[in-house]
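Worksheet: the structure to be examined is printed underneath.
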Amino acid sequence: MKRLSSIKQYMKKPAVWAICAALLVGSVAGAVGTLAFTKDTKLETAKPAQTAGTVTATTDDTKTVDKDETVYVLAGADGTVQKIIVSDWIKNAIGSTTLTDVGTLGDVQNVKGDESYTMNGDNMRVWDAAGNDIYCQGTIEKELPVGMTVTYTLDGAAISPADLAGKSGKVTIRFDYQNRQYETVNIDGKNEKIYVPFAMLTGMLLDSDVFENVTVSNGKLLNDGNHTAVIGIAFPGLQENLALSADKLEIPAYVEITADVKSFEMTNTVTVATNALLNNIDTDKLNSAEELKTAVDQMTDAMRQLTDGSSKLYSGLTTLLQKSDELVAGIDKLAVGAAALKDGAGAVDEGTAKLLLGLATLCDNNDTLNGGAKQVFETLLASADAQIAAKGLTVDKLTVDGYKATLSALITAPNATQTAQLVGIADTVLEQKLAAAGVPQAQYAAVKFMLYRRIAVQQKTQDAAMQEIAAVLYKANTGDLAALQEVGAAMQAAATADGKKAINGLLLAMAKETLAPTIEGAIASLDEYNKFYTGLAAYTAGVAEAKNGATALKDGTAQLAAGAGGLYDGILQLKNGAPALVDGVSALKDGSATLSDGLARFNKEGVQKLSDAVNGDLAGLYTRLKATVDVSKHYKSFSGITDQMDGQVKFIYRTADISVK
């Protein structure tokens with residue numbers, strides 16, 4: 001279960017949330033696994049080659065077991081693979097008593113239950129499922145279907161991640177993806193490689209104090225003032241699959257980020273690889289390229305209708321010219337309406353004046369409201385300061401802008417003084433428990449070291465560890481030789497520098513675990529008031545802005561009233577100029593004839609040529625698209641899958657951070 005905790009800590013990394021903010025995607029939903037690095041990882045090559053004509057693989061409704069697989073790739077800052085962890089969720093849809101899985105994983109552990117497994121004669125893992133789903137994880141040494149290389153340049157010159165740390169200048173970070181997973185497919189009588197169409201979504205969170213003028217190819221940027229979230233996407237191998245000329249359409253196969261950098265350092269990046277994007281396409285419904293050709297033909301028909309419509313416009317204008325007497329009568333009615341508009345504009349101007357007066361009254365109270373809210377906030381912060389001090393902890397004075405960072409650091413990154421205080425608090429609480437349990441003070445150090453061994457090394461809970469220690473002490477008191485030896489060894493180890501360091505580390509972890517709910521609750525409470533505080537500030541700012549807007553509106557309504565008067569005068573002129581209007585309609589009729597001729601020419605020389613060009617290319621594109629979708633549906637697992645299983649897989653690559661040592 002410790003590995004489950006490690007995965008959860010990993011998923012709290014900033015770049016992960018940057019990705020989640022983008023995107024993405026239900027297909028990157030999590031599984032669980034370990035995140036410890038292994039430096040010397042040996043890889044083996046695996047490139048399946050299959051002929052699409054001899055393989056049928058889509059979602060099979062007859063299969064009763066489904067494997068949802070997440071592959072975590074721990075990599076260096078340059079993309080070099082250091083460790084691969086596979087997390088599998090085997091879904092037991094019909095509640096079978098046993099589940100059989102391919103046994104390629106090593107160090108397999110059940111992370112969410114007590115079900116165990118045995119290996120059969122075919123090297124398959126047989127789980128004693130008892131009707132339950134299985135959640136397990138393990139490690140594997142195998143070549144990934146998509147390789148990832150990360151390169152860096154500083155002012156145009158290549159540089160290693162280690163050398164880049166702390167440097168300043170124009171930095172380019174490039175993620176190149178190498179698609180290695182393909183099937184051999186016969187297309188138009190020729191065997192060709194069709195790659196599994198992985199979408200690679202790379203995300204990172206960049207500190208605005210370090211990175212400026214950030215740009216990304218094939219992606220989007222989101223900036224909150226303090227950080228820039230970078231999201232990029234690429235489709236390695238898709239250009240080749242569809243045999244499209246890059247001059248006509250270039251499908252990205254890499255992501256490149258450029259920025260002006262001061263003292264370079266960067267948190268880890270996260271890349272999600274999934275082939276799920278094309279799996280929802282039902283190729284059975286793409287009967288042939290003729291369906292696509294039909295769509296182009298429909299566009300051609302629409303252009304023909306537009307041309308016909310321009311001819312009807314000409315006929316309509318001819319009728320309008322013939323109805324000029326009725327048009328003149330309508331202008332007379334328009335003059336009456338303009339007079340009413342003039343009167344209404346005056347009434348609006350008066351109402352705006354009243355609105356401005358009311359907003360001015362509200363605005364006068366802004367400072368009082370904001371000052372009172374700030375005073376309450378500062379009182380809450382002072383109360384939190386006092387509560388923390390009462391616990392024997394020293395922190396910087398909490399402020400409106402910095403309370404969250406100050407409180408969070410007490411748990412996530414305490415300074416030396418705070419660390420000593422936390423250790424002391426936990427030590428006092430533990431010794432009180434030992435005294436209450438009747439443990440002699442002379443054995444406190446031995447008990448602490450035995451507690452460290454059972455919790456930190458043997459991965460046992462505190463309660464279980466204390467029960468075992470109590471049993472050992474009881475046996476030692478009765479003269480049991482093994483128990484006496486264990487207590488004596490623990491006493492000696494606790495007196496060493498390493499032993500004291502281990503005990504202090506355990507005490508610090510216990511203090512953080514105990515204090516975390518209180519700190520998180522305090523932050524949550526302050527956050528709730530902060531929402532009101534910032535909301536009130538936004539409200540008062542809005543009132544002030546509304547007052548300014550009402551002032552401008554008052555000026556505008558005055559202009560509207562004046563303009564309405566001018567409109568009335570203008571319509572009178574229009575009425576007097578009706579004969580000239582009739583002449584203009586006559587000219588418009590002549591222009592519509594020209595428009596009709598121009599549309600006919602555009603249809604002939606533009607739309608028809610486009611239709612001819614596209615129709616000549618659709619058949620080949622259709623065949624390759626269908627083959628790409630089919631190959632994507634074939635790829636269902638990285639670690640392996642039995643014939644009785646359906647499955648889906650996604651990959652999450654995490655690179656190491658780059659920091660100044």
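A note on labels: chains of the structure tokens are A, B, ... as shown, every chain counts residues from 1, and ligands are counted from 1 in their shown order.
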
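All residues within segment 262-497 of chain A that the backbone DSSP calculation assigns to strand (DSSP E) are Val270, Thr271, Val272, Ala273 and Thr274 of chain A.
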
Please write the residues from the selection above to a file, keeping C-alpha atoms, as a compact mmCIF listing (two decimals), in the first residue's frame.
```
# COMPACT_ATOMS: atom_id res chain seq x y z
CA VAL A 270 4.37 14.82 -17.99
CA THR A 271 3.46 13.27 -21.33
CA VAL A 272 0.37 11.13 -21.88
CA ALA A 273 0.31 8.68 -24.80
CA THR A 274 -3.01 7.16 -25.86
```

- [ ] Identify, on the basis of only C-alpha atoms, every residue whose closest approach to Gly156 of chain A does not exceed 10 Å; exclude the query and any residue fewer than 4 positions from it along the same chain; express the result as a PyMOL selection string.
- [x] chain A and resi 152+169-172

TODO: One decimal, Å: what's the distance from atom CA of Val328 of chain A over to atom CA of Asp343 of chain A, could you say?
DONE: 24.0 Å

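Of the residues under consideration (A:Gly113, A:Asp155, A:Asp107, A:Glu256), A:Glu256 shows the shortest atom-to-atom contact distance to Tyr177 of chain A when counting only C-alpha atoms.
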
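Nearest residue to Val126 of chain A among A:Thr642, A:Gln441, A:Thr655, A:Thr153 is A:Thr642, counting only C-alpha atoms.
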
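Distances here use only C-alpha atoms; by that measure, the residue among A:Val216, A:Met204, A:Ile658, A:Ile455 closest to Ile469 of chain A is A:Ile455.
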
- [ ] Write out as a PyMOL selection string each polymer residue whose atoms come within 9 Å of segment 390-395 of chain A, counting only C-alpha atoms; drop sequence neighbours fewer than 2 positions from it.
- [x] chain A and resi 385-388+397-398+406-407+410+417-418+421-422+425

Serialized selection, C-alpha atoms, as a short mmCIF file (atom, residue, chain, number, x, y, z; two decimals), in the first residue's frame:
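Saved result, out_36.cif, follows:
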```
data_model
loop_
_atom_site.label_atom_id
_atom_site.label_comp_id
_atom_site.auth_asym_id
_atom_site.auth_seq_id
_atom_site.Cartn_x
_atom_site.Cartn_y
_atom_site.Cartn_z
CA ASP A 385 -1.01 32.56 14.40
CA ALA A 386 -1.94 32.19 18.07
CA GLN A 387 -3.19 28.62 17.63
CA ILE A 388 0.02 27.59 15.87
CA LYS A 397 3.35 36.01 10.60
CA LEU A 398 0.41 34.97 8.40
CA THR A 406 3.32 29.65 4.98
CA LEU A 407 0.93 27.03 6.40
CA LEU A 410 4.94 23.73 7.71
CA THR A 417 13.58 25.19 13.55
CA GLN A 418 10.13 23.91 12.58
CA GLN A 421 9.72 21.57 16.92
CA LEU A 422 7.69 18.97 15.03
CA ILE A 425 6.03 17.52 19.68
#
```

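Atom CA of Asp583 of chain A to atom CA of Gly330 of chain A spans 16.6 Å [interatomic distance, one decimal].
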